[in-house]
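Below is the file structure-v8.pdb, which contains PDB, C-alpha atoms.
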```pdb
MODEL        1
ATOM      1  CA  MET A   1       0.000   0.000   0.000  1.00  0.00           C
ATOM      2  CA  GLY A   2       1.366   3.398  -0.959  1.00  0.00           C
ATOM      3  CA  ASP A   3       2.171   6.031   1.650  1.00  0.00           C
ATOM      4  CA  PHE A   4       0.474   9.140   0.283  1.00  0.00           C
ATOM      5  CA  ALA A   5       0.446  11.139   3.548  1.00  0.00           C
ATOM      6  CA  THR A   6      -1.171  14.466   2.541  1.00  0.00           C
ATOM      7  CA  LEU A   7      -1.260  15.426  -1.132  1.00  0.00           C
ATOM      8  CA  ARG A   8      -1.571  19.060  -2.200  1.00  0.00           C
ATOM      9  CA  PHE A   9      -2.430  20.477  -5.604  1.00  0.00           C
ATOM     10  CA  GLY A  10      -2.731  24.078  -6.743  1.00  0.00           C
ATOM     11  CA  PRO A  11      -1.240  27.210  -5.179  1.00  0.00           C
ATOM     12  CA  LYS A  12      -0.088  26.875  -1.576  1.00  0.00           C
ATOM     13  CA  ASN A  13      -1.925  29.142   0.877  1.00  0.00           C
ATOM     14  CA  ALA A  14      -4.465  30.012  -1.813  1.00  0.00           C
ATOM     15  CA  SER A  15      -7.491  32.195  -1.154  1.00  0.00           C
ATOM     16  CA  ARG A  16      -9.820  29.195  -1.520  1.00  0.00           C
ATOM     17  CA  ARG A  17      -9.354  25.591  -0.385  1.00  0.00           C
ATOM     18  CA  VAL A  18     -10.853  22.105  -0.821  1.00  0.00           C
ATOM     19  CA  VAL A  19     -10.196  19.350   1.734  1.00  0.00           C
ATOM     20  CA  PHE A  20     -11.114  16.016   0.114  1.00  0.00           C
ATOM     21  CA  GLY A  21     -11.189  12.699   1.990  1.00  0.00           C
ATOM     22  CA  HIS A  22     -10.857   9.215   0.481  1.00  0.00           C
ATOM     23  CA  GLY A  23     -12.986   6.183   1.275  1.00  0.00           C
ATOM     24  CA  ILE A  24     -12.084   3.074   3.266  1.00  0.00           C
ATOM     25  CA  GLY A  25      -8.764   1.585   2.167  1.00  0.00           C
ATOM     26  CA  GLY A  26      -6.767   4.688   1.249  1.00  0.00           C
ATOM     27  CA  LEU A  27      -5.974   6.315  -2.067  1.00  0.00           C
ATOM     28  CA  ASP A  28      -4.533   3.243  -3.805  1.00  0.00           C
ATOM     29  CA  ARG A  29      -7.163   0.620  -2.927  1.00  0.00           C
ATOM     30  CA  PHE A  30     -10.691  -0.306  -3.943  1.00  0.00           C
ATOM     31  CA  ALA A  31     -12.832   2.402  -5.587  1.00  0.00           C
ATOM     32  CA  ASN A  32     -10.585   5.223  -4.318  1.00  0.00           C
ATOM     33  CA  THR A  33      -8.005   5.010  -7.092  1.00  0.00           C
ATOM     34  CA  PHE A  34      -9.682   7.738  -9.181  1.00  0.00           C
ATOM     35  CA  ILE A  35      -9.286  10.402  -6.476  1.00  0.00           C
ATOM     36  CA  LYS A  36      -5.693  11.511  -6.969  1.00  0.00           C
ATOM     37  CA  GLY A  37      -6.087  11.956 -10.726  1.00  0.00           C
ATOM     38  CA  ALA A  38      -9.492  13.629 -10.392  1.00  0.00           C
ATOM     39  CA  VAL A  39      -8.356  16.190  -7.834  1.00  0.00           C
ATOM     40  CA  GLU A  40      -5.147  16.895  -9.725  1.00  0.00           C
ATOM     41  CA  HIS A  41      -7.242  17.487 -12.863  1.00  0.00           C
ATOM     42  CA  TRP A  42      -9.564  19.885 -11.003  1.00  0.00           C
ATOM     43  CA  SER A  43      -6.505  21.838  -9.853  1.00  0.00           C
ATOM     44  CA  THR A  44      -5.515  22.492 -13.484  1.00  0.00           C
ATOM     45  CA  ASP A  45      -8.957  23.869 -14.414  1.00  0.00           C
ATOM     46  CA  PRO A  46      -8.561  27.616 -15.215  1.00  0.00           C
ATOM     47  CA  ARG A  47     -11.710  28.352 -13.214  1.00  0.00           C
ATOM     48  CA  LEU A  48     -10.074  26.830 -10.112  1.00  0.00           C
ATOM     49  CA  ARG A  49      -6.591  28.321 -10.480  1.00  0.00           C
ATOM     50  CA  HIS A  50      -7.015  30.127  -7.146  1.00  0.00           C
ATOM     51  CA  VAL A  51      -7.924  26.953  -5.183  1.00  0.00           C
ATOM     52  CA  GLU A  52      -5.622  24.732  -3.131  1.00  0.00           C
ATOM     53  CA  PHE A  53      -6.719  21.079  -3.024  1.00  0.00           C
ATOM     54  CA  ILE A  54      -5.692  19.052   0.024  1.00  0.00           C
ATOM     55  CA  VAL A  55      -6.075  15.248   0.001  1.00  0.00           C
ATOM     56  CA  PRO A  56      -5.114  13.731   3.362  1.00  0.00           C
ATOM     57  CA  THR A  57      -4.673  10.046   4.213  1.00  0.00           C
ATOM     58  CA  ALA A  58      -6.776   8.747   7.100  1.00  0.00           C
ATOM     59  CA  PRO A  59      -5.301   6.816  10.038  1.00  0.00           C
ATOM     60  CA  THR A  60      -5.235   3.020   9.788  1.00  0.00           C
ATOM     61  CA  ARG A  61      -8.065   1.755  11.977  1.00  0.00           C
ATOM     62  CA  ASP A  62      -9.683  -1.437  13.173  1.00  0.00           C
ATOM     63  CA  MET A  63     -12.789  -1.596  10.958  1.00  0.00           C
ATOM     64  CA  SER A  64     -14.513  -4.375  12.875  1.00  0.00           C
ATOM     65  CA  MET A  65     -17.955  -2.677  12.844  1.00  0.00           C
ATOM     66  CA  PHE A  66     -17.805  -2.282   9.088  1.00  0.00           C
ATOM     67  CA  ALA A  67     -16.583  -5.851   8.559  1.00  0.00           C
ATOM     68  CA  ALA A  68     -19.273  -7.293  10.826  1.00  0.00           C
ATOM     69  CA  GLY A  69     -22.062  -5.631   8.847  1.00  0.00           C
ATOM     70  CA  ALA A  70     -20.558  -6.303   5.424  1.00  0.00           C
ATOM     71  CA  THR A  71     -21.292  -9.059   2.928  1.00  0.00           C
ATOM     72  CA  ALA A  72     -18.962 -12.058   2.709  1.00  0.00           C
ATOM     73  CA  ASP A  73     -17.232 -10.754  -0.416  1.00  0.00           C
ATOM     74  CA  VAL A  74     -16.579  -7.371   1.206  1.00  0.00           C
ATOM     75  CA  ARG A  75     -15.209  -9.062   4.344  1.00  0.00           C
ATOM     76  CA  GLU A  76     -12.858 -11.080   2.161  1.00  0.00           C
ATOM     77  CA  MET A  77     -11.749  -7.894   0.408  1.00  0.00           C
ATOM     78  CA  LEU A  78     -11.096  -6.182   3.758  1.00  0.00           C
ATOM     79  CA  GLY A  79      -8.800  -8.924   4.973  1.00  0.00           C
ATOM     80  CA  ASP A  80      -7.719  -8.190   8.551  1.00  0.00           C
ATOM     81  CA  ALA A  81     -10.106  -5.205   8.685  1.00  0.00           C
ATOM     82  CA  LYS A  82      -7.329  -2.745   9.563  1.00  0.00           C
ATOM     83  CA  LEU A  83      -7.387  -0.091   6.870  1.00  0.00           C
ATOM     84  CA  PRO A  84      -7.064   3.671   6.424  1.00  0.00           C
ATOM     85  CA  ALA A  85     -10.495   5.158   7.195  1.00  0.00           C
ATOM     86  CA  TRP A  86     -11.964   8.285   8.738  1.00  0.00           C
ATOM     87  CA  PHE A  87     -14.272   6.300  11.003  1.00  0.00           C
ATOM     88  CA  ASP A  88     -15.597   2.794  11.548  1.00  0.00           C
ATOM     89  CA  ALA A  89     -19.287   2.129  10.898  1.00  0.00           C
ATOM     90  CA  GLY A  90     -21.550  -0.842  10.304  1.00  0.00           C
ATOM     91  CA  GLN A  91     -25.191  -1.479   9.517  1.00  0.00           C
ATOM     92  CA  ASP A  92     -27.263  -2.444  12.558  1.00  0.00           C
ATOM     93  CA  ALA A  93     -31.007  -2.906  12.103  1.00  0.00           C
ATOM     94  CA  SER A  94     -31.558  -2.776  15.891  1.00  0.00           C
ATOM     95  CA  LEU A  95     -30.671   0.937  15.972  1.00  0.00           C
ATOM     96  CA  PRO A  96     -33.177   3.690  15.027  1.00  0.00           C
ATOM     97  CA  ASN A  97     -31.096   5.047  12.155  1.00  0.00           C
ATOM     98  CA  GLY A  98     -29.820   1.639  11.063  1.00  0.00           C
ATOM     99  CA  TRP A  99     -26.111   2.312  11.574  1.00  0.00           C
ATOM    100  CA  ARG A 100     -23.578   1.815  14.340  1.00  0.00           C
ATOM    101  CA  LEU A 101     -20.940   4.577  14.221  1.00  0.00           C
ATOM    102  CA  ASN A 102     -17.635   5.062  16.038  1.00  0.00           C
ATOM    103  CA  ARG A 103     -18.208   8.608  17.241  1.00  0.00           C
ATOM    104  CA  GLU A 104     -14.694   8.941  18.687  1.00  0.00           C
ATOM    105  CA  HIS A 105     -13.292   8.374  15.190  1.00  0.00           C
ATOM    106  CA  ILE A 106     -15.750  10.904  13.740  1.00  0.00           C
ATOM    107  CA  ALA A 107     -14.810  13.564  16.309  1.00  0.00           C
ATOM    108  CA  GLU A 108     -11.086  12.977  15.748  1.00  0.00           C
ATOM    109  CA  SER A 109     -11.449  13.164  11.962  1.00  0.00           C
ATOM    110  CA  LYS A 110     -13.574  16.302  12.241  1.00  0.00           C
ATOM    111  CA  ARG A 111     -10.636  17.967  14.017  1.00  0.00           C
ATOM    112  CA  THR A 112      -8.306  16.792  11.225  1.00  0.00           C
ATOM    113  CA  TYR A 113     -10.528  18.238   8.496  1.00  0.00           C
ATOM    114  CA  ILE A 114     -10.877  21.555  10.353  1.00  0.00           C
ATOM    115  CA  ASN A 115      -7.135  21.778  11.031  1.00  0.00           C
ATOM    116  CA  LEU A 116      -6.374  21.249   7.330  1.00  0.00           C
ATOM    117  CA  ALA A 117      -8.950  23.870   6.386  1.00  0.00           C
ATOM    118  CA  THR A 118      -7.585  26.530   8.731  1.00  0.00           C
ATOM    119  CA  GLN A 119      -3.815  25.982   8.709  1.00  0.00           C
ATOM    120  CA  ASP A 120      -1.554  28.737   7.373  1.00  0.00           C
ATOM    121  CA  GLY A 121      -4.178  31.407   7.978  1.00  0.00           C
ATOM    122  CA  ALA A 122      -6.954  29.966   5.788  1.00  0.00           C
ATOM    123  CA  THR A 123     -10.568  30.050   6.942  1.00  0.00           C
ATOM    124  CA  LEU A 124     -13.521  27.690   7.155  1.00  0.00           C
ATOM    125  CA  GLU A 125     -15.651  30.214   5.277  1.00  0.00           C
ATOM    126  CA  THR A 126     -13.474  29.813   2.170  1.00  0.00           C
ATOM    127  CA  THR A 127     -13.118  26.013   2.365  1.00  0.00           C
ATOM    128  CA  VAL A 128     -15.195  23.270   0.772  1.00  0.00           C
ATOM    129  CA  PHE A 129     -15.204  19.945   2.613  1.00  0.00           C
ATOM    130  CA  GLY A 130     -15.473  17.053   0.178  1.00  0.00           C
ATOM    131  CA  GLY A 131     -14.942  13.353  -0.037  1.00  0.00           C
ATOM    132  CA  PHE A 132     -15.810   9.980  -1.480  1.00  0.00           C
ATOM    133  CA  SER A 133     -17.638   7.234   0.438  1.00  0.00           C
ATOM    134  CA  ASN A 134     -16.296   7.180   4.036  1.00  0.00           C
ATOM    135  CA  GLY A 135     -14.520  10.505   3.366  1.00  0.00           C
ATOM    136  CA  GLY A 136     -17.717  12.009   1.975  1.00  0.00           C
ATOM    137  CA  ALA A 137     -19.622  11.110   5.123  1.00  0.00           C
ATOM    138  CA  GLN A 138     -16.904  12.748   7.211  1.00  0.00           C
ATOM    139  CA  ALA A 139     -17.122  15.851   5.002  1.00  0.00           C
ATOM    140  CA  LEU A 140     -20.869  16.031   5.641  1.00  0.00           C
ATOM    141  CA  VAL A 141     -20.565  15.640   9.407  1.00  0.00           C
ATOM    142  CA  THR A 142     -17.758  18.213   9.586  1.00  0.00           C
ATOM    143  CA  GLY A 143     -19.246  20.689   7.132  1.00  0.00           C
ATOM    144  CA  LEU A 144     -22.691  20.698   8.715  1.00  0.00           C
ATOM    145  CA  GLN A 145     -21.107  21.709  12.034  1.00  0.00           C
ATOM    146  CA  THR A 146     -18.988  24.559  10.642  1.00  0.00           C
ATOM    147  CA  PRO A 147     -19.446  27.771   8.606  1.00  0.00           C
ATOM    148  CA  CYS A 148     -17.658  26.223   5.621  1.00  0.00           C
ATOM    149  CA  ALA A 149     -18.189  27.382   2.022  1.00  0.00           C
ATOM    150  CA  GLY A 150     -19.889  24.160   0.944  1.00  0.00           C
ATOM    151  CA  ILE A 151     -19.919  20.352   1.047  1.00  0.00           C
ATOM    152  CA  LEU A 152     -19.192  17.983  -1.855  1.00  0.00           C
ATOM    153  CA  CYS A 153     -20.263  14.395  -1.155  1.00  0.00           C
ATOM    154  CA  LEU A 154     -19.563  11.574  -3.620  1.00  0.00           C
ATOM    155  CA  CYS A 155     -21.198   8.140  -3.192  1.00  0.00           C
ATOM    156  CA  SER A 156     -21.928   8.728   0.473  1.00  0.00           C
ATOM    157  CA  SER A 157     -24.435   9.874   3.082  1.00  0.00           C
ATOM    158  CA  LEU A 158     -24.657  10.734   6.771  1.00  0.00           C
ATOM    159  CA  PHE A 159     -25.223   7.024   7.538  1.00  0.00           C
ATOM    160  CA  GLY A 160     -27.795   7.893  10.152  1.00  0.00           C
ATOM    161  CA  PHE A 161     -25.690  10.518  11.967  1.00  0.00           C
ATOM    162  CA  ARG A 162     -28.114  13.109  13.303  1.00  0.00           C
ATOM    163  CA  GLU A 163     -26.402  14.645  16.367  1.00  0.00           C
ATOM    164  CA  PHE A 164     -26.238  18.240  15.187  1.00  0.00           C
ATOM    165  CA  ASP A 165     -26.782  21.506  17.012  1.00  0.00           C
ATOM    166  CA  ASP A 166     -29.647  23.381  15.360  1.00  0.00           C
ATOM    167  CA  LYS A 167     -27.668  26.633  15.291  1.00  0.00           C
ATOM    168  CA  ASP A 168     -24.944  24.927  13.224  1.00  0.00           C
ATOM    169  CA  LEU A 169     -27.511  23.587  10.767  1.00  0.00           C
ATOM    170  CA  GLN A 170     -28.904  27.097  10.272  1.00  0.00           C
ATOM    171  CA  ILE A 171     -25.640  28.305   8.711  1.00  0.00           C
ATOM    172  CA  PRO A 172     -26.578  28.422   4.998  1.00  0.00           C
ATOM    173  CA  LYS A 173     -24.291  26.599   2.573  1.00  0.00           C
ATOM    174  CA  PRO A 174     -24.571  24.636  -0.691  1.00  0.00           C
ATOM    175  CA  VAL A 175     -24.385  20.841  -0.466  1.00  0.00           C
ATOM    176  CA  LEU A 176     -23.936  18.659  -3.543  1.00  0.00           C
ATOM    177  CA  TYR A 177     -24.501  14.907  -3.411  1.00  0.00           C
ATOM    178  CA  CYS A 178     -23.290  12.928  -6.443  1.00  0.00           C
ATOM    179  CA  THR A 179     -24.098   9.234  -6.473  1.00  0.00           C
ATOM    180  CA  GLY A 180     -24.413   6.167  -8.666  1.00  0.00           C
ATOM    181  CA  GLU A 181     -27.846   4.864  -9.588  1.00  0.00           C
ATOM    182  CA  LYS A 182     -26.446   1.333  -9.146  1.00  0.00           C
ATOM    183  CA  ASP A 183     -24.366   1.932  -5.998  1.00  0.00           C
ATOM    184  CA  PRO A 184     -24.643  -1.296  -3.932  1.00  0.00           C
ATOM    185  CA  TYR A 185     -23.253   0.314  -0.752  1.00  0.00           C
ATOM    186  CA  VAL A 186     -25.021   3.688  -0.645  1.00  0.00           C
ATOM    187  CA  PRO A 187     -28.512   3.280  -2.116  1.00  0.00           C
ATOM    188  CA  LEU A 188     -30.316   6.409  -3.237  1.00  0.00           C
ATOM    189  CA  GLU A 189     -32.790   5.938  -0.358  1.00  0.00           C
ATOM    190  CA  GLU A 190     -29.987   6.788   2.108  1.00  0.00           C
ATOM    191  CA  ILE A 191     -29.358  10.084   0.344  1.00  0.00           C
ATOM    192  CA  GLU A 192     -33.083  10.847   0.147  1.00  0.00           C
ATOM    193  CA  LYS A 193     -33.244  10.412   3.944  1.00  0.00           C
ATOM    194  CA  ASP A 194     -30.411  12.935   4.286  1.00  0.00           C
ATOM    195  CA  LYS A 195     -32.138  15.332   1.922  1.00  0.00           C
ATOM    196  CA  ALA A 196     -35.390  15.149   3.908  1.00  0.00           C
ATOM    197  CA  PHE A 197     -33.534  15.626   7.194  1.00  0.00           C
ATOM    198  CA  LEU A 198     -31.637  18.652   5.890  1.00  0.00           C
ATOM    199  CA  ALA A 199     -34.768  20.151   4.319  1.00  0.00           C
ATOM    200  CA  ASP A 200     -36.505  19.910   7.682  1.00  0.00           C
ATOM    201  CA  ARG A 201     -33.666  20.976   9.981  1.00  0.00           C
ATOM    202  CA  SER A 202     -31.155  23.055   8.013  1.00  0.00           C
ATOM    203  CA  ALA A 203     -30.751  26.189   5.921  1.00  0.00           C
ATOM    204  CA  CYS A 204     -28.604  24.333   3.376  1.00  0.00           C
ATOM    205  CA  ASP A 205     -29.208  24.390  -0.372  1.00  0.00           C
ATOM    206  CA  VAL A 206     -29.064  20.649  -1.109  1.00  0.00           C
ATOM    207  CA  GLN A 207     -28.703  19.258  -4.634  1.00  0.00           C
ATOM    208  CA  VAL A 208     -28.564  15.570  -5.608  1.00  0.00           C
ATOM    209  CA  ARG A 209     -27.139  14.411  -8.944  1.00  0.00           C
ATOM    210  CA  THR A 210     -27.290  10.761 -10.010  1.00  0.00           C
ATOM    211  CA  PHE A 211     -25.167   9.000 -12.625  1.00  0.00           C
ATOM    212  CA  ASN A 212     -25.265   5.680 -14.457  1.00  0.00           C
ATOM    213  CA  MET A 213     -22.606   3.987 -12.329  1.00  0.00           C
ATOM    214  CA  GLY A 214     -22.009   2.030  -9.131  1.00  0.00           C
ATOM    215  CA  HIS A 215     -19.823   2.896  -6.121  1.00  0.00           C
ATOM    216  CA  GLU A 216     -17.273   4.746  -8.220  1.00  0.00           C
ATOM    217  CA  SER A 217     -16.875   7.903 -10.272  1.00  0.00           C
ATOM    218  CA  CYS A 218     -17.226   8.871 -13.920  1.00  0.00           C
ATOM    219  CA  GLU A 219     -16.136  11.664 -16.240  1.00  0.00           C
ATOM    220  CA  GLN A 220     -19.578  13.285 -16.266  1.00  0.00           C
ATOM    221  CA  GLU A 221     -19.710  13.396 -12.474  1.00  0.00           C
ATOM    222  CA  LEU A 222     -16.266  14.947 -12.200  1.00  0.00           C
ATOM    223  CA  ALA A 223     -17.243  17.652 -14.701  1.00  0.00           C
ATOM    224  CA  VAL A 224     -20.367  18.452 -12.665  1.00  0.00           C
ATOM    225  CA  CYS A 225     -18.195  18.703  -9.545  1.00  0.00           C
ATOM    226  CA  ALA A 226     -15.758  21.064 -11.266  1.00  0.00           C
ATOM    227  CA  ASN A 227     -18.612  23.360 -12.343  1.00  0.00           C
ATOM    228  CA  TRP A 228     -20.055  23.357  -8.833  1.00  0.00           C
ATOM    229  CA  LEU A 229     -16.675  24.099  -7.234  1.00  0.00           C
ATOM    230  CA  ALA A 230     -16.141  26.981  -9.681  1.00  0.00           C
ATOM    231  CA  LYS A 231     -19.423  28.495  -8.533  1.00  0.00           C
ATOM    232  CA  VAL A 232     -18.951  27.984  -4.815  1.00  0.00           C
ATOM    233  CA  LEU A 233     -15.300  29.060  -4.619  1.00  0.00           C
ATOM    234  CA  ALA A 234     -15.429  32.084  -6.903  1.00  0.00           C
ATOM    235  CA  VAL A 235     -13.308  35.052  -5.874  1.00  0.00           C
ATOM    236  CA  ASP A 236     -14.728  38.581  -5.998  1.00  0.00           C
ATOM    237  CA  GLY A 237     -13.287  40.323  -9.006  1.00  0.00           C
ATOM    238  CA  ASP A 238     -12.788  37.073 -10.926  1.00  0.00           C
ATOM    239  CA  ASP A 239     -16.489  36.357 -11.319  1.00  0.00           C
ATOM    240  CA  ASP A 240     -16.959  37.663 -14.876  1.00  0.00           C
ATOM    241  CA  ALA A 241     -13.910  35.941 -16.353  1.00  0.00           C
ATOM    242  CA  LEU A 242     -14.446  32.687 -14.481  1.00  0.00           C
ATOM    243  CA  GLY A 243     -18.166  32.723 -15.184  1.00  0.00           C
ATOM    244  CA  ALA A 244     -17.571  33.110 -18.907  1.00  0.00           C
ATOM    245  CA  ALA A 245     -15.175  30.160 -18.819  1.00  0.00           C
ATOM    246  CA  ALA A 246     -17.551  28.038 -16.750  1.00  0.00           C
ATOM    247  CA  GLY A 247     -20.779  29.076 -18.438  1.00  0.00           C
ATOM    248  CA  VAL A 248     -22.397  29.532 -15.031  1.00  0.00           C
ATOM    249  CA  ASP A 249     -23.536  32.194 -12.605  1.00  0.00           C
ATOM    250  CA  PHE A 250     -21.596  32.187  -9.362  1.00  0.00           C
ATOM    251  CA  ILE A 251     -23.043  31.688  -5.912  1.00  0.00           C
ATOM    252  CA  LYS A 252     -22.050  34.683  -3.795  1.00  0.00           C
TER     253      LYS A 252
ENDMDL
END
```
Step by step, read the file and then write its structure as structure tokens.
Amino acid sequence: MGDFATLRFGPKNASRRVVFGHGIGGLDRFANTFIKGAVEHWSTDPRLRHVEFIVPTAPTRDMSMFAAGATADVREMLGDAKLPAWFDAGQDASLPNGWRLNREHIAESKRTYINLATQDGATLETTVFGGFSNGGAQALVTGLQTPCAGILCLCSSLFGFREFDDKDLQIPKPVLYCTGEKDPYVPLEEIEKDKAFLADRSACDVQVRTFNMGHESCEQELAVCANWLAKVLAVDGDDDALGAAAGVDFIK
């Protein structure tokens, strides 16, 4: 397994920032292998020339909850169940929201995301939290508790996490879910539950985009993400030029 530590693309200490977390297994395993190339490609987009992209590697954890609730083929894939991940979680029908979550892991990873967003004088208000699968769930939990610029969630959901302070949820921000219509791990129903919860409890502008794929990514999805990031992370004074390049109106 490669040691990626923390990857950075784009200008260091830029005026805008994206912190993007991988899924279970790290950047070089399972469905995560698209992430490095995708983020590096975003960083070369002229509309995002002012954005620094940060892709950290999660700690290696005992994923026993996840393994216990997984199918036999997934358990075989996991091996000893010690893998890089932002938090351990497993399906549990006996619980109200259907998921057992390691909240200590979630709290620790929230601190990591926030530290990456704010180091070197950057701010939460100019940072998008994003991620794929396990990293996308962590981006949601972190972003919904902070005044961040937005949340980008690929093939993921809150997995039943609902312990939010109402005042945090009332901080308006755009949230984009992108998911596969054939995703075997994160069915669309999970995302619809999130959307209903956020519509009822939050001031967030939530969008859901679906694609003809499974638990993975595709070129069309990555283009949609780039357009959305260009809107959310626009810099005052660059709006006209960037908007012409993107063909979009920017969210102020």
> Skipping near chain neighbours, those fewer than 2 positions away, what residues fall within 12 Å of A:Ser217 using all atoms listed in the file, listed as JSON, numbers by chain?
Replying inline: {"A": [31, 32, 33, 34, 35, 37, 38, 131, 132, 133, 153, 154, 155, 156, 178, 179, 180, 181, 182, 183, 210, 211, 212, 213, 214, 215, 219, 220, 221, 222, 223, 224, 225]}
> So which residues touch A:Ala68 within 9 Å, counting only C-alpha atoms, skipping near sequence neighbours fewer than 4 positions away, as JSON, numbers by chain?
Replying inline: {"A": [63, 64, 75, 90, 91]}
> What is the distance, in Å and to one decimal place, between atom CA of A:Lys173 and atom CA of A:Val206?
Replying inline: 8.5 Å
Could you put an axis-aligned box around every listed atom of stretch 179-182 of chain A, padded by 5 Å on each side, and send me its centre and edge lengths in Å to one decimal, as AutoDock Vina command-line options?
```
--center_x -26.0 --center_y 5.3 --center_z -8.0 --size_x 13.7 --size_y 17.9 --size_z 13.1
```
> Expanded to explicit residues, what is the PyMOL selection byres ((chain A and resi 46-57) around 8) for this file, as a PyMOL selection string?
Replying inline: chain A and resi 4-22+26-27+36+39+42-45+58-59+84+116+229-230+233+242+245-246
Create the file for the chosen residues now, containing C-alpha atoms and written as a PDB file, in the coordinates of the input.
```pdb
ATOM      1  CA  PHE A   4       0.474   9.140   0.283  1.00  0.00           C
ATOM      2  CA  ALA A   5       0.446  11.139   3.548  1.00  0.00           C
ATOM      3  CA  THR A   6      -1.171  14.466   2.541  1.00  0.00           C
ATOM      4  CA  LEU A   7      -1.260  15.426  -1.132  1.00  0.00           C
ATOM      5  CA  ARG A   8      -1.571  19.060  -2.200  1.00  0.00           C
ATOM      6  CA  PHE A   9      -2.430  20.477  -5.604  1.00  0.00           C
ATOM      7  CA  GLY A  10      -2.731  24.078  -6.743  1.00  0.00           C
ATOM      8  CA  PRO A  11      -1.240  27.210  -5.179  1.00  0.00           C
ATOM      9  CA  LYS A  12      -0.088  26.875  -1.576  1.00  0.00           C
ATOM     10  CA  ASN A  13      -1.925  29.142   0.877  1.00  0.00           C
ATOM     11  CA  ALA A  14      -4.465  30.012  -1.813  1.00  0.00           C
ATOM     12  CA  SER A  15      -7.491  32.195  -1.154  1.00  0.00           C
ATOM     13  CA  ARG A  16      -9.820  29.195  -1.520  1.00  0.00           C
ATOM     14  CA  ARG A  17      -9.354  25.591  -0.385  1.00  0.00           C
ATOM     15  CA  VAL A  18     -10.853  22.105  -0.821  1.00  0.00           C
ATOM     16  CA  VAL A  19     -10.196  19.350   1.734  1.00  0.00           C
ATOM     17  CA  PHE A  20     -11.114  16.016   0.114  1.00  0.00           C
ATOM     18  CA  GLY A  21     -11.189  12.699   1.990  1.00  0.00           C
ATOM     19  CA  HIS A  22     -10.857   9.215   0.481  1.00  0.00           C
ATOM     20  CA  GLY A  26      -6.767   4.688   1.249  1.00  0.00           C
ATOM     21  CA  LEU A  27      -5.974   6.315  -2.067  1.00  0.00           C
ATOM     22  CA  LYS A  36      -5.693  11.511  -6.969  1.00  0.00           C
ATOM     23  CA  VAL A  39      -8.356  16.190  -7.834  1.00  0.00           C
ATOM     24  CA  TRP A  42      -9.564  19.885 -11.003  1.00  0.00           C
ATOM     25  CA  SER A  43      -6.505  21.838  -9.853  1.00  0.00           C
ATOM     26  CA  THR A  44      -5.515  22.492 -13.484  1.00  0.00           C
ATOM     27  CA  ASP A  45      -8.957  23.869 -14.414  1.00  0.00           C
ATOM     28  CA  ALA A  58      -6.776   8.747   7.100  1.00  0.00           C
ATOM     29  CA  PRO A  59      -5.301   6.816  10.038  1.00  0.00           C
ATOM     30  CA  PRO A  84      -7.064   3.671   6.424  1.00  0.00           C
ATOM     31  CA  LEU A 116      -6.374  21.249   7.330  1.00  0.00           C
ATOM     32  CA  LEU A 229     -16.675  24.099  -7.234  1.00  0.00           C
ATOM     33  CA  ALA A 230     -16.141  26.981  -9.681  1.00  0.00           C
ATOM     34  CA  LEU A 233     -15.300  29.060  -4.619  1.00  0.00           C
ATOM     35  CA  LEU A 242     -14.446  32.687 -14.481  1.00  0.00           C
ATOM     36  CA  ALA A 245     -15.175  30.160 -18.819  1.00  0.00           C
ATOM     37  CA  ALA A 246     -17.551  28.038 -16.750  1.00  0.00           C
TER      38      ALA A 246
END
```
> Do you have the atom CA of A:Ala72-atom CA of A:Leu158 distance handy?
Replying inline: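 Between these atoms lies a distance of 23.8 Å.
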>> Translate the PyMOL selection byres ((chain A and resi 99) around 12) into a concrete residue list for this structure, as a ChimeraX atom specification.
In response: /A:65-66,68-70,88-98,100-103,157-162,190
> Could you pull the residues within 7 Å of stretch 141-147 of chain A, counting all atoms listed in the file, minus those fewer than 2 positions along the same chain, as a ChimeraX atom specification?
Replying inline: /A:110,124-125,129,137-139,149,151,158,164,168-169,171
> If you measure from atom CA of A:Ala203 to atom CA of A:Gly150, what distance in Å do you get, rounded to one decimal?
Replying inline: 12.1 Å
>> Residue by residue, what does the PyMOL selection byres ((chain A and resi 201) around 8) grab here? Present the result as a PyMOL selection string.
In response: chain A and resi 166+169-170+197-200+202-203
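Nearest residue to A:Ile24 among A:Asp62, A:Glu108, A:Glu40, A:Glu189 is A:Asp62, counting all atoms listed in the file.
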